[in-house]
$ cat data_22.cif   # mmCIF, C-alpha atoms
data_start
#
loop_
_atom_site.group_PDB
_atom_site.id
_atom_site.type_symbol
_atom_site.label_atom_id
_atom_site.label_comp_id
_atom_site.auth_asym_id
_atom_site.auth_seq_id
_atom_site.Cartn_x
_atom_site.Cartn_y
_atom_site.Cartn_z
ATOM 1 C CA MET A 944 105.149 79.073 81.466
ATOM 2 C CA THR A 945 105.464 82.380 79.615
ATOM 3 C CA VAL A 946 104.203 85.555 81.257
ATOM 4 C CA THR A 947 102.154 87.629 78.840
ATOM 5 C CA GLN A 948 102.431 91.422 78.819
ATOM 6 C CA GLN A 949 98.743 91.637 79.773
ATOM 7 C CA ALA A 950 99.151 89.319 82.786
ATOM 8 C CA PHE A 951 102.286 91.186 83.853
ATOM 9 C CA LYS A 952 100.530 94.574 83.623
ATOM 10 C CA GLN A 953 97.471 93.251 85.479
ATOM 11 C CA SER A 954 99.599 91.935 88.344
ATOM 12 C CA LEU A 955 101.636 95.133 88.639
ATOM 13 C CA ALA A 956 98.441 97.230 88.617
ATOM 14 C CA GLN A 957 97.664 95.714 92.026
ATOM 15 C CA PHE A 958 100.612 97.566 93.557
ATOM 16 C CA ALA A 959 99.559 101.025 94.719
ATOM 17 C CA SER A 960 102.106 103.738 94.136
ATOM 18 C CA GLY A 961 102.442 107.441 94.540
ATOM 19 C CA VAL A 962 102.294 109.628 91.449
ATOM 20 C CA THR A 963 105.169 111.828 90.331
ATOM 21 C CA VAL A 964 105.811 114.180 87.473
ATOM 22 C CA VAL A 965 109.408 113.937 86.260
ATOM 23 C CA THR A 966 110.674 117.040 84.484
ATOM 24 C CA THR A 967 113.820 118.245 82.770
ATOM 25 C CA MET A 968 115.087 121.242 80.820
ATOM 26 C CA HIS A 969 117.030 120.570 77.644
ATOM 27 C CA ALA A 970 117.926 122.868 74.749
ATOM 28 C CA GLY A 971 115.658 125.568 76.203
ATOM 29 C CA GLN A 972 112.633 123.253 76.275
ATOM 30 C CA ARG A 973 110.746 122.102 79.373
ATOM 31 C CA GLN A 974 109.736 118.453 79.187
ATOM 32 C CA GLY A 975 107.873 116.230 81.605
ATOM 33 C CA LEU A 976 105.900 113.045 82.072
ATOM 34 C CA THR A 977 103.906 111.262 84.756
ATOM 35 C CA VAL A 978 105.910 108.467 86.400
ATOM 36 C CA SER A 979 104.860 105.947 89.049
ATOM 37 C CA ALA A 980 108.121 103.951 88.801
ATOM 38 C CA PHE A 981 110.036 106.010 91.373
ATOM 39 C CA ASN A 982 112.069 104.780 94.371
ATOM 40 C CA SER A 983 114.627 105.847 96.897
ATOM 41 C CA VAL A 984 117.976 104.119 96.394
ATOM 42 C CA SER A 985 120.497 105.420 98.942
ATOM 43 C CA LEU A 986 120.794 107.814 101.872
ATOM 44 C CA SER A 987 124.503 108.475 101.484
ATOM 45 C CA PRO A 988 124.804 109.801 98.885
ATOM 46 C CA PRO A 989 121.102 110.670 98.493
ATOM 47 C CA LEU A 990 119.987 108.740 95.387
ATOM 48 C CA VAL A 991 116.612 108.043 93.771
ATOM 49 C CA SER A 992 115.609 106.086 90.676
ATOM 50 C CA ILE A 993 113.038 106.542 87.953
ATOM 51 C CA CYS A 994 112.167 104.220 85.079
ATOM 52 C CA VAL A 995 111.496 105.882 81.717
ATOM 53 C CA ASP A 996 110.509 104.339 78.375
ATOM 54 C CA CYS A 997 113.506 104.582 76.017
ATOM 55 C CA LYS A 998 111.417 105.661 73.030
ATOM 56 C CA LEU A 999 110.121 108.868 74.687
ATOM 57 C CA ASP A 1000 111.565 112.285 73.857
ATOM 58 C CA VAL A 1001 111.840 113.080 77.567
ATOM 59 C CA HIS A 1002 114.107 110.035 78.002
ATOM 60 C CA ALA A 1003 116.536 111.447 75.439
ATOM 61 C CA ALA A 1004 116.272 114.909 77.032
ATOM 62 C CA ILE A 1005 117.119 113.599 80.528
ATOM 63 C CA CYS A 1006 120.077 111.627 79.213
ATOM 64 C CA ALA A 1007 121.357 114.592 77.171
ATOM 65 C CA SER A 1008 120.849 117.246 79.878
ATOM 66 C CA GLY A 1009 122.064 115.045 82.725
ATOM 67 C CA VAL A 1010 119.420 116.475 85.073
ATOM 68 C CA PHE A 1011 115.824 115.899 86.155
ATOM 69 C CA ALA A 1012 113.393 116.765 88.924
ATOM 70 C CA VAL A 1013 110.833 114.528 90.599
ATOM 71 C CA ASN A 1014 107.631 116.283 91.703
ATOM 72 C CA LEU A 1015 105.624 114.158 94.178
ATOM 73 C CA LEU A 1016 101.950 114.962 93.625
ATOM 74 C CA ALA A 1017 99.404 115.751 96.314
ATOM 75 C CA GLN A 1018 95.891 114.281 96.073
ATOM 76 C CA GLN A 1019 94.476 117.590 94.810
ATOM 77 C CA GLN A 1020 96.924 117.558 91.856
ATOM 78 C CA LEU A 1021 95.172 114.933 89.739
ATOM 79 C CA GLU A 1022 95.107 117.424 86.845
ATOM 80 C CA TYR A 1023 98.936 117.502 86.813
ATOM 81 C CA GLY A 1024 99.058 113.718 86.795
ATOM 82 C CA MET A 1025 96.654 113.501 83.864
ATOM 83 C CA ARG A 1026 98.215 116.447 81.996
ATOM 84 C CA PHE A 1027 101.741 114.993 82.093
ATOM 85 C CA ALA A 1028 100.433 111.508 81.237
ATOM 86 C CA GLY A 1029 99.060 112.967 77.992
ATOM 87 C CA MET A 1030 95.457 112.441 79.103
ATOM 88 C CA VAL A 1031 94.189 116.006 78.520
ATOM 89 C CA ALA A 1032 92.615 116.218 75.073
ATOM 90 C CA GLY A 1033 93.912 118.997 72.837
ATOM 91 C CA LEU A 1034 96.820 119.924 75.109
ATOM 92 C CA THR A 1035 100.071 119.937 73.130
ATOM 93 C CA ASP A 1036 102.287 121.798 75.639
ATOM 94 C CA ARG A 1037 102.021 119.992 78.964
ATOM 95 C CA PHE A 1038 103.418 123.064 80.754
ATOM 96 C CA GLU A 1039 100.836 125.449 79.223
ATOM 97 C CA GLY A 1040 99.467 127.700 81.979
ATOM 98 C CA VAL A 1041 101.646 126.109 84.687
ATOM 99 C CA ASP A 1042 103.993 128.419 86.581
ATOM 100 C CA THR A 1043 107.117 126.494 87.535
ATOM 101 C CA LEU A 1044 110.097 127.195 89.760
ATOM 102 C CA THR A 1045 113.663 125.962 89.494
ATOM 103 C CA ALA A 1046 116.350 125.048 92.006
ATOM 104 C CA ILE A 1047 119.910 123.977 91.185
ATOM 105 C CA THR A 1048 119.568 122.054 87.899
ATOM 106 C CA GLY A 1049 117.018 124.269 86.139
ATOM 107 C CA SER A 1050 114.540 121.397 85.868
ATOM 108 C CA PRO A 1051 110.946 122.615 86.279
ATOM 109 C CA LEU A 1052 109.435 122.270 89.746
ATOM 110 C CA LEU A 1053 105.651 122.242 90.049
ATOM 111 C CA PRO A 1054 103.986 124.422 92.696
ATOM 112 C CA ASN A 1055 102.365 123.080 95.890
ATOM 113 C CA THR A 1056 103.535 119.466 95.569
ATOM 114 C CA LEU A 1057 104.061 117.040 98.458
ATOM 115 C CA ALA A 1058 107.759 117.407 97.797
ATOM 116 C CA TRP A 1059 110.236 117.838 94.980
ATOM 117 C CA LEU A 1060 113.727 116.474 94.409
ATOM 118 C CA ASP A 1061 116.164 118.215 92.061
ATOM 119 C CA CYS A 1062 118.615 115.650 90.661
ATOM 120 C CA ARG A 1063 121.732 115.168 88.596
ATOM 121 C CA VAL A 1064 121.925 111.889 86.638
ATOM 122 C CA TRP A 1065 124.213 109.525 88.578
ATOM 123 C CA GLN A 1066 123.929 106.428 86.369
ATOM 124 C CA VAL A 1067 121.693 105.000 83.647
ATOM 125 C CA TYR A 1068 121.054 101.258 83.439
ATOM 126 C CA ALA A 1069 119.369 99.308 80.644
ATOM 127 C CA GLY A 1070 116.094 97.758 81.739
ATOM 128 C CA GLY A 1071 114.404 96.186 78.713
ATOM 129 C CA ASP A 1072 112.342 98.819 76.909
ATOM 130 C CA HIS A 1073 112.987 101.294 79.755
ATOM 131 C CA SER A 1074 116.059 102.832 81.340
ATOM 132 C CA ILE A 1075 116.572 102.844 85.075
ATOM 133 C CA ILE A 1076 117.863 106.341 85.724
ATOM 134 C CA VAL A 1077 119.511 106.914 89.091
ATOM 135 C CA GLY A 1078 119.776 110.507 90.195
ATOM 136 C CA GLU A 1079 121.767 112.195 92.939
ATOM 137 C CA VAL A 1080 119.475 114.537 94.866
ATOM 138 C CA LEU A 1081 121.053 118.001 94.936
ATOM 139 C CA ALA A 1082 118.119 119.849 96.537
ATOM 140 C CA THR A 1083 114.703 118.980 97.953
ATOM 141 C CA GLU A 1084 111.750 120.615 99.643
ATOM 142 C CA CYS A 1085 108.598 119.261 101.310
ATOM 143 C CA GLY A 1086 105.104 120.737 101.328
ATOM 144 C CA ASP A 1087 103.148 121.005 104.547
ATOM 145 C CA GLY A 1088 100.373 118.639 105.628
ATOM 146 C CA LEU A 1089 99.384 117.388 102.190
ATOM 147 C CA ALA A 1090 98.184 113.868 101.341
ATOM 148 C CA PRO A 1091 99.565 111.928 98.332
ATOM 149 C CA LEU A 1092 97.901 111.187 95.022
ATOM 150 C CA ILE A 1093 97.829 107.392 94.567
ATOM 151 C CA TYR A 1094 97.624 105.195 91.462
ATOM 152 C CA HIS A 1095 96.209 101.673 91.855
ATOM 153 C CA ASN A 1096 94.625 99.227 89.427
ATOM 154 C CA ARG A 1097 94.567 101.865 86.658
ATOM 155 C CA ASN A 1098 92.660 104.303 88.892
ATOM 156 C CA TRP A 1099 93.667 107.528 90.624
ATOM 157 C CA GLY A 1100 92.911 107.764 94.328
ATOM 158 C CA ARG A 1101 93.842 108.913 97.782
ATOM 159 C CA ILE A 1102 94.712 107.127 100.958
ATOM 160 C CA ALA A 1103 92.690 106.826 104.117
ATOM 161 C CA ALA A 1104 94.632 106.586 107.344
ATOM 162 C CA ILE A 1105 94.364 103.366 109.325
ATOM 163 C CA ASP A 1106 94.920 103.396 113.057
ATOM 164 C CA ALA A 1107 97.446 100.547 113.350
ATOM 165 C CA GLY A 1108 96.931 100.480 117.117
ATOM 166 C CA LYS A 1109 93.346 99.304 116.619
ATOM 167 C CA ALA A 1110 94.081 96.742 113.909
ATOM 168 C CA ALA A 1111 93.613 93.103 114.792
ATOM 169 C CA PRO A 1112 96.855 91.107 114.908
ATOM 170 C CA PRO A 1113 97.376 88.735 111.980
ATOM 171 C CA ARG A 1114 96.007 85.243 112.537
ATOM 172 C CA SER A 1115 97.920 82.081 111.805
ATOM 173 C CA PRO A 1116 96.649 80.041 108.868
ATOM 174 C CA GLY A 1117 94.071 77.551 110.072
ATOM 175 C CA ALA A 1118 93.514 79.357 113.399
ATOM 176 C CA SER A 1119 90.035 79.103 114.807
ATOM 177 C CA SER A 1120 87.887 82.220 114.993
ATOM 178 C CA GLU A 1121 86.135 80.977 118.126
ATOM 179 C CA ASN A 1122 86.477 83.001 121.330
#
$ encode --input "data_22.cif" --output "structure tokens"
Amino acid sequence: MTVTQQAFKQSLAQFASGVTVVTTMHAGQRQGLTVSAFNSVSLSPPLVSICVDCKLDVHAAICASGVFAVNLLAQQQLEYGMRFAGMVAGLTDRFEGVDTLTAITGSPLLPNTLAWLDCRVWQVYAGGDHSIIVGEVLATECGDGLAPLIYHNRNWGRIAAIDAGKAAPPRSPGASSEN
């Protein structure tokens, strides 16, 4: 059985993820894109990974500069997510009107995020039409008391806390619901 791209995308859309904006500075130009393919890799040394489409300019910029930042978006930062995903009509410079900071690498850091991680490229691996870029975290900072922006089933959202102490324990398959 062959898995079609549509079936693959539909299945992966069921996995909720946080939303990040990955940025870099190369040849005096700020570049960035919205990325949901972000993971922690290692505690020692501190490593993270991002997956970036090989045909994008920002992919070439990250590989050439050897640096990137990951900005973890808060739920009130939907506009950043859409802006850096290219979803704002008429916007050619995704950084237009956005004041950014920098840390060690010079990669742009967005204000008031959940957290940011400033990274140096550790290794790049081929992954089909994407590259898996592993970065060593050189600096990081967390925001205070913010909730994450979530992406699930092609929709933007936010989480609602669940009190795990009040959740019913999982039932065995075939268990009776009688008391």
$ residues_around --input "data_22.cif" --residues "region 1084-1089 of chain A" --least-positions-apart "2" --cutoff "7 Å" --atoms "only C-alpha atoms" --output "MDAnalysis selection string"
chainID A and resid 1017 1055:1060 1091
$ resolve_selection --input "data_22.cif" --expression "the PyMOL selection byres ((chain A and resi 1036) around 12)" --output "PyMOL selection string"
chain A and resi 972-976+1026-1029+1031-1035+1037-1041
$ resolve_selection --input "data_22.cif" --expression "the PyMOL selection byres ((chain A and resi 995) around 7)" --output "list in words"
Ile993, Cys994, Asp996, Cys997, His1002, His1073, Ser1074 and Ile1075 of chain A
$ closest_residue --input "data_22.cif" --among "A:Ser979, A:Trp1065, A:Pro1112, A:Ala1012" --to "Pro1051 (chain A)" --atoms "only C-alpha atoms"
A:Ala1012
$ resolve_selection --input "data_22.cif" --expression "the PyMOL selection byres ((chain A and resi 1045) around 12)" --output "VMD selection string"
chain A and resid 966 to 968 973 1010 to 1014 1042 to 1044 1046 to 1054 1059 to 1062 1082 to 1084
$ atom_distance --input "data_22.cif" --atom1 "CA of Val1001 (chain A)" --atom2 "CA of Arg1063 (chain A)"
15.0 Å
$ atom_distance --input "data_22.cif" --atom1 "CA of Ala1104 (chain A)" --atom2 "CA of Glu1022 (chain A)"
23.2 Å
$ closest_residue --input "data_22.cif" --among "A:Ser987, A:Asn982, A:Ser992, A:Ser960" --to "Ile1102 (chain A)" --atoms "all atoms listed in the file"
A:Ser960
$ closest_residue --input "data_22.cif" --among "A:Ile1093, A:Leu955, A:Ala950, A:Val1064" --to "Ala1004 (chain A)" --atoms "only C-alpha atoms"
A:Val1064
$ closest_residue --input "data_22.cif" --among "A:Asn1096, A:Gln953, A:Gln1066, A:Thr963" --to "Leu1016 (chain A)" --atoms "all atoms listed in the file"
A:Thr963
$ atom_distance --input "data_22.cif" --atom1 "CA of Val978 (chain A)" --atom2 "CA of Leu1081 (chain A)"
19.8 Å
$ closest_residue --input "data_22.cif" --among "A:Ala1090, A:Ala1103, A:Leu1021, A:Val1077" --to "Val984 (chain A)" --atoms "all atoms listed in the file"
A:Val1077
$ residues_around --input "data_22.cif" --residues "Trp1099 (chain A)" --least-positions-apart "6" --cutoff "10 Å" --atoms "only C-alpha atoms" --output "ChimeraX atom specification"
/A:959-962,1018,1021,1024-1025,1092-1093
$ write_last_selection --input "data_22.cif" --atoms "C-alpha atoms" --output "PDB file, in the coordinates of the input"
ATOM      1  CA  ALA A 959      99.559 101.025  94.719  1.00  0.00           C
ATOM      2  CA  SER A 960     102.106 103.738  94.136  1.00  0.00           C
ATOM      3  CA  GLY A 961     102.442 107.441  94.540  1.00  0.00           C
ATOM      4  CA  VAL A 962     102.294 109.628  91.449  1.00  0.00           C
ATOM      5  CA  GLN A1018      95.891 114.281  96.073  1.00  0.00           C
ATOM      6  CA  LEU A1021      95.172 114.933  89.739  1.00  0.00           C
ATOM      7  CA  GLY A1024      99.058 113.718  86.795  1.00  0.00           C
ATOM      8  CA  MET A1025      96.654 113.501  83.864  1.00  0.00           C
ATOM      9  CA  LEU A1092      97.901 111.187  95.022  1.00  0.00           C
ATOM     10  CA  ILE A1093      97.829 107.392  94.567  1.00  0.00           C
TER      11      ILE A1093
END
$ build_atoms --input "data_22.cif" --residues "region 965-992 of chain A" --atoms "N, CA and C atoms" --output "tab-separated table (two decimals), keeping the file's coordinate frame"
chain	number	residue	atom	x	y	z
A	965	VAL	N	107.97	113.78	86.46
A	965	VAL	CA	109.41	113.94	86.26
A	965	VAL	C	109.59	114.98	85.17
A	966	THR	N	110.45	115.95	85.43
A	966	THR	CA	110.67	117.04	84.48
A	966	THR	C	112.16	117.22	84.21
A	967	THR	N	112.45	117.87	83.10
A	967	THR	CA	113.82	118.24	82.77
A	967	THR	C	113.79	119.48	81.88
A	968	MET	N	114.92	120.11	81.74
A	968	MET	CA	115.09	121.24	80.82
A	968	MET	C	116.25	120.89	79.91
A	969	HIS	N	115.97	120.88	78.60
A	969	HIS	CA	117.03	120.57	77.64
A	969	HIS	C	116.85	121.42	76.40
A	970	ALA	N	117.93	122.03	75.95
A	970	ALA	CA	117.93	122.87	74.75
A	970	ALA	C	116.83	123.93	74.82
A	971	GLY	N	116.64	124.51	76.01
A	971	GLY	CA	115.66	125.57	76.20
A	971	GLY	C	114.21	125.11	76.25
A	972	GLN	N	113.99	123.80	76.26
A	972	GLN	CA	112.63	123.25	76.28
A	972	GLN	C	112.35	122.53	77.59
A	973	ARG	N	111.21	122.86	78.20
A	973	ARG	CA	110.75	122.10	79.37
A	973	ARG	C	110.06	120.84	78.89
A	974	GLN	N	110.38	119.72	79.52
A	974	GLN	CA	109.74	118.45	79.19
A	974	GLN	C	109.36	117.75	80.48
A	975	GLY	N	108.29	116.95	80.41
A	975	GLY	CA	107.87	116.23	81.60
A	975	GLY	C	106.92	115.10	81.28
A	976	LEU	N	106.82	114.17	82.21
A	976	LEU	CA	105.90	113.04	82.07
A	976	LEU	C	105.53	112.52	83.45
A	977	THR	N	104.37	111.89	83.53
A	977	THR	CA	103.91	111.26	84.76
A	977	THR	C	104.62	109.92	84.91
A	978	VAL	N	105.15	109.68	86.11
A	978	VAL	CA	105.91	108.47	86.40
A	978	VAL	C	105.46	107.90	87.74
A	979	SER	N	105.13	106.61	87.76
A	979	SER	CA	104.86	105.95	89.05
A	979	SER	C	106.03	105.05	89.44
A	980	ALA	N	106.95	104.79	88.52
A	980	ALA	CA	108.12	103.95	88.80
A	980	ALA	C	109.23	104.83	89.36
A	981	PHE	N	109.11	105.14	90.65
A	981	PHE	CA	110.04	106.01	91.37
A	981	PHE	C	110.36	105.35	92.70
A	982	ASN	N	111.65	105.38	93.10
A	982	ASN	CA	112.07	104.78	94.37
A	982	ASN	C	113.25	105.52	94.96
A	983	SER	N	113.39	105.41	96.27
A	983	SER	CA	114.63	105.85	96.90
A	983	SER	C	115.64	104.73	96.71
A	984	VAL	N	116.91	105.10	96.62
A	984	VAL	CA	117.98	104.12	96.39
A	984	VAL	C	118.97	104.13	97.54
A	985	SER	N	119.42	105.32	97.96
A	985	SER	CA	120.50	105.42	98.94
A	985	SER	C	120.35	106.69	99.76
A	986	LEU	N	120.76	106.62	101.03
A	986	LEU	CA	120.79	107.81	101.87
A	986	LEU	C	122.10	108.57	101.72
A	987	SER	N	123.19	107.83	101.55
A	987	SER	CA	124.50	108.48	101.48
A	987	SER	C	125.32	107.86	100.35
A	988	PRO	N	125.41	108.51	99.21
A	988	PRO	CA	124.80	109.80	98.88
A	988	PRO	C	123.30	109.65	98.66
A	989	PRO	N	122.55	110.77	98.71
A	989	PRO	CA	121.10	110.67	98.49
A	989	PRO	C	120.80	110.38	97.02
A	990	LEU	N	120.28	109.18	96.75
A	990	LEU	CA	119.99	108.74	95.39
A	990	LEU	C	118.54	108.27	95.27
A	991	VAL	N	117.94	108.54	94.11
A	991	VAL	CA	116.61	108.04	93.77
A	991	VAL	C	116.68	107.43	92.38
A	992	SER	N	115.66	106.64	92.03
A	992	SER	CA	115.61	106.09	90.68
A	992	SER	C	114.24	106.33	90.07
